[in-house]
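Shown below: protein_39.pdb, with PDB, C-alpha atoms and all ligand atoms.
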```pdb
MODEL        1
ATOM      1  CA  MET A   1      20.416 -27.794  10.257
ATOM      2  CA  LYS A   2      17.329 -25.746  11.006
ATOM      3  CA  SER A   3      13.980 -26.406   9.390
ATOM      4  CA  LEU A   4      12.056 -23.564   7.775
ATOM      5  CA  VAL A   5       8.300 -23.024   7.768
ATOM      6  CA  VAL A   6       7.180 -20.693   4.968
ATOM      7  CA  TYR A   7       3.517 -19.827   4.659
ATOM      8  CA  TYR A   8       0.934 -17.505   3.199
ATOM      9  CA  SER A   9      -2.331 -16.971   5.058
ATOM     10  CA  LEU A  10      -5.217 -14.658   4.217
ATOM     11  CA  THR A  11      -7.499 -15.315   7.188
ATOM     12  CA  GLY A  12      -5.096 -16.786   9.751
ATOM     13  CA  LYS A  13      -5.792 -20.531   9.597
ATOM     14  CA  THR A  14      -2.651 -21.544   7.715
ATOM     15  CA  LYS A  15      -0.737 -19.193  10.005
ATOM     16  CA  LEU A  16      -2.003 -21.113  13.048
ATOM     17  CA  VAL A  17      -0.749 -24.388  11.605
ATOM     18  CA  ALA A  18       2.588 -22.855  10.576
ATOM     19  CA  GLN A  19       3.113 -21.558  14.109
ATOM     20  CA  VAL A  20       2.468 -25.003  15.580
ATOM     21  CA  ILE A  21       5.013 -26.599  13.223
ATOM     22  CA  ALA A  22       7.648 -23.936  13.914
ATOM     23  CA  GLU A  23       7.221 -24.328  17.641
ATOM     24  CA  ALA A  24       7.269 -28.132  17.555
ATOM     25  CA  LEU A  25      10.445 -28.277  15.446
ATOM     26  CA  ASN A  26      12.098 -25.113  16.682
ATOM     27  CA  ALA A  27      12.055 -23.994  13.053
ATOM     28  CA  THR A  28      12.376 -20.568  11.489
ATOM     29  CA  LEU A  29       8.984 -19.095  10.588
ATOM     30  CA  LEU A  30       8.591 -16.987   7.460
ATOM     31  CA  GLU A  31       5.361 -15.336   6.347
ATOM     32  CA  ILE A  32       4.936 -14.574   2.659
ATOM     33  CA  GLU A  33       3.161 -11.255   2.267
ATOM     34  CA  GLU A  34       1.579  -9.811  -0.845
ATOM     35  CA  ARG A  35       2.897  -6.402  -1.792
ATOM     36  CA  ARG A  36      -0.616  -5.244  -2.555
ATOM     37  CA  PRO A  37      -3.116  -7.580  -0.894
ATOM     38  CA  ILE A  38      -6.275  -8.256  -2.894
ATOM     39  CA  PRO A  39      -9.194  -6.264  -1.421
ATOM     40  CA  LYS A  40     -11.481  -8.690   0.440
ATOM     41  CA  PRO A  41     -14.532  -8.392  -1.888
ATOM     42  CA  PHE A  42     -12.389  -9.475  -4.865
ATOM     43  CA  VAL A  43     -10.566 -12.363  -3.234
ATOM     44  CA  TYR A  44     -12.830 -15.115  -4.517
ATOM     45  CA  LEU A  45     -13.016 -13.777  -8.069
ATOM     46  CA  SER A  46      -9.572 -12.324  -8.558
ATOM     47  CA  GLY A  47      -7.614 -14.565  -6.168
ATOM     48  CA  GLY A  48      -9.517 -17.649  -7.261
ATOM     49  CA  PHE A  49      -8.883 -16.834 -10.927
ATOM     50  CA  ALA A  50      -5.181 -16.255 -10.318
ATOM     51  CA  ALA A  51      -4.955 -19.560  -8.445
ATOM     52  CA  ILE A  52      -6.788 -21.552 -11.085
ATOM     53  CA  THR A  53      -4.514 -20.169 -13.804
ATOM     54  CA  ASN A  54      -1.398 -20.925 -11.706
ATOM     55  CA  ARG A  55      -0.434 -17.279 -11.505
ATOM     56  CA  GLY A  56       1.771 -15.721  -8.898
ATOM     57  CA  SER A  57       1.205 -12.421  -7.134
ATOM     58  CA  LYS A  58       3.705  -9.736  -6.211
ATOM     59  CA  ILE A  59       5.231 -10.645  -2.854
ATOM     60  CA  ASN A  60       7.525  -8.812  -0.479
ATOM     61  CA  PRO A  61      11.225  -9.717  -0.647
ATOM     62  CA  ILE A  62      12.287 -12.705   1.451
ATOM     63  CA  ASP A  63      15.111 -12.445   3.911
ATOM     64  CA  VAL A  64      16.083 -16.055   4.641
ATOM     65  CA  ASP A  65      19.075 -18.063   3.444
ATOM     66  CA  LEU A  66      17.464 -21.255   2.167
ATOM     67  CA  LYS A  67      20.868 -22.920   1.969
ATOM     68  CA  GLN A  68      20.792 -23.128   5.757
ATOM     69  CA  CYS A  69      17.514 -25.078   5.695
ATOM     70  CA  GLU A  70      17.477 -28.706   4.674
ATOM     71  CA  LYS A  71      13.798 -29.267   5.339
ATOM     72  CA  ILE A  72      11.237 -26.698   4.231
ATOM     73  CA  PHE A  73       7.540 -26.743   5.094
ATOM     74  CA  ILE A  74       5.440 -24.711   2.657
ATOM     75  CA  GLY A  75       1.948 -23.786   3.839
ATOM     76  CA  SER A  76      -0.939 -22.385   1.815
ATOM     77  CA  PRO A  77      -4.695 -22.155   1.939
ATOM     78  CA  ILE A  78      -6.335 -24.080  -0.899
ATOM     79  CA  TRP A  79      -7.805 -21.668  -3.428
ATOM     80  CA  ALA A  80      -9.839 -23.137  -6.285
ATOM     81  CA  SER A  81      -8.256 -26.549  -5.614
ATOM     82  CA  ARG A  82      -4.787 -25.064  -5.918
ATOM     83  CA  PRO A  83      -2.135 -23.264  -3.872
ATOM     84  CA  ALA A  84      -2.603 -19.520  -3.365
ATOM     85  CA  PRO A  85      -0.868 -17.167  -5.864
ATOM     86  CA  ALA A  86       1.554 -15.784  -3.242
ATOM     87  CA  ILE A  87       2.865 -19.304  -2.613
ATOM     88  CA  ASN A  88       3.168 -19.892  -6.364
ATOM     89  CA  SER A  89       5.402 -16.803  -6.512
ATOM     90  CA  PHE A  90       7.584 -18.055  -3.692
ATOM     91  CA  ILE A  91       7.997 -21.446  -5.388
ATOM     92  CA  TYR A  92       8.589 -19.949  -8.862
ATOM     93  CA  GLN A  93      11.356 -17.664  -7.600
ATOM     94  CA  THR A  94      13.161 -20.265  -5.454
ATOM     95  CA  ASN A  95      15.646 -22.990  -6.317
ATOM     96  CA  PHE A  96      15.044 -25.872  -3.884
ATOM     97  CA  GLU A  97      17.912 -28.059  -5.067
ATOM     98  CA  GLY A  98      18.979 -30.485  -2.331
ATOM     99  CA  ARG A  99      16.042 -29.506  -0.100
ATOM    100  CA  SER A 100      13.299 -31.754   1.249
ATOM    101  CA  ILE A 101       9.916 -30.069   0.981
ATOM    102  CA  ILE A 102       6.742 -30.755   2.934
ATOM    103  CA  PRO A 103       3.771 -28.831   1.545
ATOM    104  CA  PHE A 104       0.787 -28.400   3.840
ATOM    105  CA  PHE A 105      -2.641 -26.866   3.332
ATOM    106  CA  THR A 106      -5.634 -25.604   5.184
ATOM    107  CA  MET A 107      -8.922 -25.779   3.306
ATOM    108  CA  GLY A 108     -12.633 -25.254   3.657
ATOM    109  CA  GLY A 109     -13.564 -28.702   2.398
ATOM    110  CA  ASN A 110     -11.738 -31.973   2.727
ATOM    111  CA  ASN A 111     -10.167 -32.685  -0.634
ATOM    112  CA  SER A 112      -6.549 -31.656  -1.054
ATOM    113  CA  GLU A 113      -5.594 -34.085  -3.845
ATOM    114  CA  ASN A 114      -5.608 -31.561  -6.682
ATOM    115  CA  ALA A 115      -3.795 -28.908  -4.706
ATOM    116  CA  LEU A 116      -1.142 -31.390  -3.628
ATOM    117  CA  ALA A 117      -0.537 -32.663  -7.170
ATOM    118  CA  ASN A 118      -0.372 -29.057  -8.379
ATOM    119  CA  ILE A 119       2.086 -27.816  -5.757
ATOM    120  CA  THR A 120       4.224 -30.965  -6.078
ATOM    121  CA  ALA A 121       4.694 -30.368  -9.811
ATOM    122  CA  LYS A 122       5.670 -26.741  -9.151
ATOM    123  CA  ILE A 123       8.126 -27.670  -6.379
ATOM    124  CA  GLU A 124       9.726 -30.310  -8.592
ATOM    125  CA  ARG A 125      10.085 -27.774 -11.417
ATOM    126  CA  SER A 126      12.007 -25.649  -8.896
ATOM    127  CA  GLN A 127      14.275 -28.665  -8.173
ATOM    128  CA  GLY A 128      12.737 -29.568  -4.800
ATOM    129  CA  LYS A 129      11.871 -33.037  -3.524
ATOM    130  CA  VAL A 130       8.488 -33.493  -1.841
ATOM    131  CA  VAL A 131       8.929 -35.881   1.084
ATOM    132  CA  GLY A 132       5.570 -35.553   2.829
ATOM    133  CA  SER A 133       2.435 -33.450   3.076
ATOM    134  CA  PHE A 134      -0.691 -32.877   5.106
ATOM    135  CA  ALA A 135      -3.921 -30.890   4.949
ATOM    136  CA  ILE A 136      -6.273 -29.635   7.639
ATOM    137  CA  THR A 137      -9.917 -28.616   7.232
ATOM    138  CA  SER A 138     -10.711 -25.208   8.727
ATOM    139  CA  TYR A 139     -14.419 -24.529   8.016
ATOM    140  CA  GLY A 140     -16.546 -25.135  11.084
ATOM    141  CA  VAL A 141     -13.480 -26.136  13.088
ATOM    142  CA  SER A 142     -12.325 -24.196  16.154
ATOM    143  CA  ASP A 143      -8.809 -22.780  16.313
ATOM    144  CA  GLU A 144      -8.093 -25.120  19.223
ATOM    145  CA  GLU A 145      -9.060 -28.089  17.083
ATOM    146  CA  ILE A 146      -6.917 -26.839  14.159
ATOM    147  CA  ILE A 147      -3.970 -26.551  16.546
ATOM    148  CA  ALA A 148      -4.632 -30.072  17.882
ATOM    149  CA  ARG A 149      -4.780 -31.476  14.332
ATOM    150  CA  ALA A 150      -1.555 -29.675  13.413
ATOM    151  CA  LYS A 151       0.200 -31.105  16.481
ATOM    152  CA  GLU A 152      -0.948 -34.561  15.439
ATOM    153  CA  ALA A 153       0.190 -34.094  11.822
ATOM    154  CA  ILE A 154       3.633 -32.829  12.796
ATOM    155  CA  LYS A 155       4.358 -35.975  14.812
ATOM    156  CA  ASN A 156       5.212 -37.642  11.477
ATOM    157  CA  TYR A 157       8.136 -35.294  10.966
TER
HETATM  158  C1  LIG A 201     -10.355 -17.493  -3.142
HETATM  159  C2  LIG A 201     -10.627 -18.693  -2.257
HETATM  160  C3  LIG A 201     -10.799 -19.941  -2.841
HETATM  161  C4  LIG A 201     -10.994 -21.075  -2.043
HETATM  162  N1  LIG A 201     -11.102 -22.305  -2.643
HETATM  163  C5  LIG A 201     -11.199 -23.428  -1.877
HETATM  164  C6  LIG A 201     -11.213 -24.730  -2.487
HETATM  165  O1  LIG A 201     -11.137 -24.897  -3.699
HETATM  166  N2  LIG A 201     -11.327 -25.810  -1.667
HETATM  167  C7  LIG A 201     -11.401 -25.706  -0.301
HETATM  168  O2  LIG A 201     -11.495 -26.724   0.397
HETATM  169  N3  LIG A 201     -11.384 -24.468   0.313
HETATM  170  C8  LIG A 201     -11.264 -23.344  -0.442
HETATM  171  N4  LIG A 201     -11.204 -22.096   0.169
HETATM  172  C9  LIG A 201     -11.210 -22.011   1.650
HETATM  173  C10 LIG A 201      -9.801 -21.855   2.236
HETATM  174  O3  LIG A 201      -8.908 -22.816   1.705
HETATM  175  C11 LIG A 201      -9.815 -22.037   3.754
HETATM  176  O4  LIG A 201     -10.700 -21.134   4.332
HETATM  177  C12 LIG A 201      -8.428 -21.878   4.361
HETATM  178  O5  LIG A 201      -8.333 -22.550   5.592
HETATM  179  C13 LIG A 201      -8.062 -20.419   4.567
HETATM  180  O6  LIG A 201      -6.730 -20.323   5.043
HETATM  181  P1  LIG A 201      -6.128 -18.942   5.626
HETATM  182  O7  LIG A 201      -6.961 -18.571   6.812
HETATM  183  O8  LIG A 201      -4.728 -19.289   5.986
HETATM  184  O9  LIG A 201      -6.215 -17.912   4.543
HETATM  185  C14 LIG A 201     -11.040 -20.953  -0.617
HETATM  186  C15 LIG A 201     -10.902 -19.670  -0.034
HETATM  187  C16 LIG A 201     -10.686 -18.551  -0.838
HETATM  188  C17 LIG A 201     -10.506 -17.204  -0.192
ENDMDL
END
```

Can the structure in the file be given as structure tokens, please?
Ligand SMILES: Cc1cc2nc3c(=O)[nH]c(=O)nc-3n(C[C@H](O)[C@H](O)[C@H](O)COP(=O)(O)O)c2cc1C
Amino acid sequence: MKSLVVYYSLTGKTKLVAQVIAEALNATLLEIEERRPIPKPFVYLSGGFAAITNRGSKINPIDVDLKQCEKIFIGSPIWASRPAPAINSFIYQTNFEGRSIIPFFTMGGNNSENALANITAKIERSQGKVVGSFAITSYGVSDEEIIARAKEAIKNY
């Protein structure tokens, strides 16, 4: 059974990591896109507020049969110590019954504890089982280094 890598990425860092995972595992790659992306100047205020209040955002329809995917990686940037609203929407609208889920994050800082606890609770409410996770710092880190860290992290799976 194929693995699936689903991700949302505003500035490309989570996308980099998702691409590494998909390539390493020969997995299907699926980008979650917002129907109306938040204009850049409002991302911190509006996006951060939506994240902190566990809101979703309107996302484009998804064209993947999750029943074909036993293992699902879910990638998000950390926003206000939580997953991004677009990823909340994906989780809220999906039933993960029987699926093993590996959430992963990119983040400016180096503390992913809150975000992991938050996304785990949401995944479990959607019937998924979290079987692993990892997080990669992106601020002040070159893309090459992010790719190297992602390759290292994926060795565990
Ligand atoms: C609205 C907003 C809130 C953020 N909040 C946090 C945070 O709480 N902790 C953190 O470490 N980084 C935070 N960041 C930084 C992002 O998590 C980081 O830049 C991430 O790698 C971006 O991923 P992307 O390029 O896939 O969008 C925030 C960024 C934005 C835009």

If we count only C-alpha atoms, what is near Phe96 (chain A) at a cut-off of 7 Å, once residues fewer than 3 positions away on the same chain are taken out, given as a PDB file with C-alpha atoms, in the coordinates of the input?
```
ATOM      1  CA  ARG A  99      16.042 -29.506  -0.100  1.00  0.00           C
ATOM      2  CA  SER A 126      12.007 -25.649  -8.896  1.00  0.00           C
ATOM      3  CA  GLN A 127      14.275 -28.665  -8.173  1.00  0.00           C
ATOM      4  CA  GLY A 128      12.737 -29.568  -4.800  1.00  0.00           C
TER       5      GLY A 128
END
```

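Taking CA of Arg36 (chain A) and CA of Ser57 (chain A) as the two end points, the separation is 8.7 Å.
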
Any residue with an atom at most 9 Å from ligand LIG 201 (chain A) counts, using only C-alpha atoms and all ligand atoms. Which are they? Put them as a short mmCIF file (atom, residue, chain, number, x, y, z; two decimals) with C-alpha atoms, in the frame of the given file.
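Now in part20.cif:
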```
data_model
loop_
_atom_site.label_atom_id
_atom_site.label_comp_id
_atom_site.auth_asym_id
_atom_site.auth_seq_id
_atom_site.Cartn_x
_atom_site.Cartn_y
_atom_site.Cartn_z
CA TYR A 7 3.52 -19.83 4.66
CA TYR A 8 0.93 -17.50 3.20
CA SER A 9 -2.33 -16.97 5.06
CA LEU A 10 -5.22 -14.66 4.22
CA THR A 11 -7.50 -15.32 7.19
CA GLY A 12 -5.10 -16.79 9.75
CA LYS A 13 -5.79 -20.53 9.60
CA THR A 14 -2.65 -21.54 7.72
CA LYS A 15 -0.74 -19.19 10.01
CA LEU A 16 -2.00 -21.11 13.05
CA VAL A 17 -0.75 -24.39 11.60
CA LYS A 40 -11.48 -8.69 0.44
CA PHE A 42 -12.39 -9.48 -4.86
CA VAL A 43 -10.57 -12.36 -3.23
CA TYR A 44 -12.83 -15.12 -4.52
CA LEU A 45 -13.02 -13.78 -8.07
CA SER A 46 -9.57 -12.32 -8.56
CA GLY A 47 -7.61 -14.56 -6.17
CA GLY A 48 -9.52 -17.65 -7.26
CA PHE A 49 -8.88 -16.83 -10.93
CA ALA A 50 -5.18 -16.26 -10.32
CA ALA A 51 -4.96 -19.56 -8.44
CA GLY A 75 1.95 -23.79 3.84
CA SER A 76 -0.94 -22.38 1.82
CA PRO A 77 -4.70 -22.16 1.94
CA ILE A 78 -6.34 -24.08 -0.90
CA TRP A 79 -7.80 -21.67 -3.43
CA ALA A 80 -9.84 -23.14 -6.28
CA SER A 81 -8.26 -26.55 -5.61
CA ARG A 82 -4.79 -25.06 -5.92
CA PRO A 83 -2.13 -23.26 -3.87
CA ALA A 84 -2.60 -19.52 -3.36
CA PHE A 105 -2.64 -26.87 3.33
CA THR A 106 -5.63 -25.60 5.18
CA MET A 107 -8.92 -25.78 3.31
CA GLY A 108 -12.63 -25.25 3.66
CA GLY A 109 -13.56 -28.70 2.40
CA ASN A 110 -11.74 -31.97 2.73
CA ASN A 111 -10.17 -32.68 -0.63
CA SER A 112 -6.55 -31.66 -1.05
CA ALA A 115 -3.80 -28.91 -4.71
CA ILE A 136 -6.27 -29.64 7.64
CA THR A 137 -9.92 -28.62 7.23
CA SER A 138 -10.71 -25.21 8.73
CA TYR A 139 -14.42 -24.53 8.02
#
```

* For Val5 (chain A), which residue out of A:Asn114, A:Arg35, A:Ile154, A:Glu97 is the nearest one, using all atoms listed in the file? -> A:Ile154

* Asked: How many Å lie between CA of Glu31 (chain A) and CA of Gly132 (chain A), rounded to one decimal?
  -> 20.5 Å

Point (10.2, -26.3, 6.5) neighbourhood (7 Å, only C-alpha atoms) written as an mmCIF file with C-alpha atoms, in the coordinates of the input:
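Full text of point_37.cif as output:
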```
data_model
loop_
_atom_site.group_PDB
_atom_site.id
_atom_site.type_symbol
_atom_site.label_atom_id
_atom_site.label_comp_id
_atom_site.auth_asym_id
_atom_site.auth_seq_id
_atom_site.Cartn_x
_atom_site.Cartn_y
_atom_site.Cartn_z
ATOM 1 C CA SER A 3 13.980 -26.406 9.390
ATOM 2 C CA LEU A 4 12.056 -23.564 7.775
ATOM 3 C CA VAL A 5 8.300 -23.024 7.768
ATOM 4 C CA VAL A 6 7.180 -20.693 4.968
ATOM 5 C CA LYS A 71 13.798 -29.267 5.339
ATOM 6 C CA ILE A 72 11.237 -26.698 4.231
ATOM 7 C CA PHE A 73 7.540 -26.743 5.094
ATOM 8 C CA ILE A 74 5.440 -24.711 2.657
ATOM 9 C CA ILE A 101 9.916 -30.069 0.981
ATOM 10 C CA ILE A 102 6.742 -30.755 2.934
#
```

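Between CA of Lys2 (chain A) and CA of Ala27 (chain A) there is a distance of 5.9 Å.
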
Please expand the PyMOL selection byres (((chain A and resi 155) around 12) and not hetatm) into the concrete residues it hits in this file, giving the result as a compact mmCIF listing (two decimals) with C-alpha atoms, in the coordinates of the input.
```
# COMPACT_ATOMS: atom_id res chain seq x y z
CA VAL A 20 2.47 -25.00 15.58
CA ILE A 21 5.01 -26.60 13.22
CA ALA A 24 7.27 -28.13 17.56
CA LEU A 25 10.44 -28.28 15.45
CA PHE A 134 -0.69 -32.88 5.11
CA ALA A 148 -4.63 -30.07 17.88
CA ARG A 149 -4.78 -31.48 14.33
CA ALA A 150 -1.56 -29.68 13.41
CA LYS A 151 0.20 -31.10 16.48
CA GLU A 152 -0.95 -34.56 15.44
CA ALA A 153 0.19 -34.09 11.82
CA ILE A 154 3.63 -32.83 12.80
CA ASN A 156 5.21 -37.64 11.48
CA TYR A 157 8.14 -35.29 10.97
```

Emit as lines of an AutoDock Vina configuration file the padded axis-aligned box for all listed atoms of region 9-17 of chain A, 5 Å per side, with centre and edge lengths in Å to one decimal.
```
center_x = -4.1
center_y = -19.5
center_z = 8.6
size_x = 16.8
size_y = 19.7
size_z = 18.8
```

* Residue nearest Glu70 (chain A) - candidates A:Asn118, A:Ser133, A:Ser100, A:Leu29, atoms counted: only C-alpha atoms -> A:Ser100

* To do: Tell me which residues the PyMOL selection byres (((chain A and resi 33) around 6) and not hetatm) grabs here, as a PyMOL selection string.
  => chain A and resi 32+34+59-60

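Omitting Thr94 (chain A) and its sequence neighbours fewer than 6 positions away, and counting all atoms listed in the file, the residues within 12 Å are A:Pro61, A:Ile62, A:Val64, A:Asp65, A:Leu66, A:Lys67, A:Ile72, A:Ile87, A:Asn88, A:Lys122, A:Ile123, A:Glu124, A:Arg125, A:Ser126, A:Gln127, A:Gly128.
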
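Minimum atom-to-atom distances from A:Pro39, A:Ala135, A:Asp63, A:Met1 to Pro103 (chain A) were compared using all atoms listed in the file, and the lowest value belongs to A:Ala135.
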
Please produce region 63-85 of chain A, completed to N, CA, C and O atoms, as a tab-separated table (two decimals), keeping the file's coordinate frame.
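Here's the written file rebuild11.tsv:
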```tsv
chain	number	residue	atom	x	y	z
A	63	ASP	N	13.81	-12.64	3.29
A	63	ASP	CA	15.11	-12.44	3.91
A	63	ASP	C	15.54	-13.69	4.69
A	63	ASP	O	15.74	-13.65	5.89
A	64	VAL	N	15.64	-14.83	3.98
A	64	VAL	CA	16.08	-16.06	4.64
A	64	VAL	C	17.03	-16.78	3.70
A	64	VAL	O	16.79	-16.85	2.50
A	65	ASP	N	18.13	-17.31	4.26
A	65	ASP	CA	19.08	-18.06	3.44
A	65	ASP	C	18.62	-19.53	3.40
A	65	ASP	O	18.81	-20.28	4.34
A	66	LEU	N	18.02	-19.90	2.28
A	66	LEU	CA	17.46	-21.26	2.17
A	66	LEU	C	18.55	-22.32	2.23
A	66	LEU	O	18.27	-23.48	2.55
A	67	LYS	N	19.77	-21.94	1.94
A	67	LYS	CA	20.87	-22.92	1.97
A	67	LYS	C	21.09	-23.46	3.38
A	67	LYS	O	21.64	-24.53	3.56
A	68	GLN	N	20.65	-22.70	4.36
A	68	GLN	CA	20.79	-23.13	5.76
A	68	GLN	C	19.66	-24.07	6.18
A	68	GLN	O	19.64	-24.54	7.32
A	69	CYS	N	18.71	-24.31	5.32
A	69	CYS	CA	17.51	-25.08	5.70
A	69	CYS	C	17.39	-26.31	4.81
A	69	CYS	O	17.15	-26.20	3.61
A	70	GLU	N	17.54	-27.47	5.45
A	70	GLU	CA	17.48	-28.71	4.67
A	70	GLU	C	16.03	-29.10	4.42
A	70	GLU	O	15.67	-29.61	3.36
A	71	LYS	N	15.21	-28.88	5.43
A	71	LYS	CA	13.80	-29.27	5.34
A	71	LYS	C	12.93	-28.00	5.34
A	71	LYS	O	13.06	-27.16	6.22
A	72	ILE	N	12.06	-27.90	4.34
A	72	ILE	CA	11.24	-26.70	4.23
A	72	ILE	C	9.76	-27.08	4.17
A	72	ILE	O	9.33	-27.82	3.27
A	73	PHE	N	9.00	-26.59	5.12
A	73	PHE	CA	7.54	-26.74	5.09
A	73	PHE	C	6.97	-25.55	4.35
A	73	PHE	O	7.36	-24.41	4.63
A	74	ILE	N	6.06	-25.81	3.41
A	74	ILE	CA	5.44	-24.71	2.66
A	74	ILE	C	3.93	-24.78	2.86
A	74	ILE	O	3.29	-25.74	2.44
A	75	GLY	N	3.37	-23.76	3.49
A	75	GLY	CA	1.95	-23.79	3.84
A	75	GLY	C	1.12	-22.80	3.04
A	75	GLY	O	1.52	-21.64	2.84
A	76	SER	N	-0.03	-23.25	2.60
A	76	SER	CA	-0.94	-22.38	1.82
A	76	SER	C	-2.39	-22.75	2.09
A	76	SER	O	-2.69	-23.92	2.32
A	77	PRO	N	-3.28	-21.78	2.02
A	77	PRO	CA	-4.70	-22.16	1.94
A	77	PRO	C	-4.95	-22.74	0.55
A	77	PRO	O	-4.24	-22.41	-0.40
A	78	ILE	N	-5.94	-23.60	0.43
A	78	ILE	CA	-6.34	-24.08	-0.90
A	78	ILE	C	-7.29	-23.05	-1.50
A	78	ILE	O	-8.28	-22.67	-0.87
A	79	TRP	N	-6.95	-22.59	-2.68
A	79	TRP	CA	-7.80	-21.67	-3.43
A	79	TRP	C	-8.13	-22.33	-4.76
A	79	TRP	O	-7.21	-22.64	-5.54
A	80	ALA	N	-9.41	-22.52	-5.02
A	80	ALA	CA	-9.84	-23.14	-6.28
A	80	ALA	C	-9.06	-24.42	-6.56
A	80	ALA	O	-8.54	-24.63	-7.66
A	81	SER	N	-8.94	-25.25	-5.52
A	81	SER	CA	-8.26	-26.55	-5.61
A	81	SER	C	-6.77	-26.43	-5.93
A	81	SER	O	-6.16	-27.36	-6.47
A	82	ARG	N	-6.21	-25.28	-5.62
A	82	ARG	CA	-4.79	-25.06	-5.92
A	82	ARG	C	-4.14	-24.26	-4.81
A	82	ARG	O	-4.82	-23.70	-3.96
A	83	PRO	N	-2.78	-24.16	-4.84
A	83	PRO	CA	-2.13	-23.26	-3.87
A	83	PRO	C	-2.46	-21.80	-4.18
A	83	PRO	O	-2.82	-21.47	-5.31
A	84	ALA	N	-2.33	-20.95	-3.19
A	84	ALA	CA	-2.60	-19.52	-3.36
A	84	ALA	C	-1.50	-18.88	-4.21
A	84	ALA	O	-0.34	-19.31	-4.18
A	85	PRO	N	-1.84	-17.82	-4.97
A	85	PRO	CA	-0.87	-17.17	-5.86
A	85	PRO	C	0.42	-16.73	-5.17
A	85	PRO	O	1.51	-16.85	-5.75
```
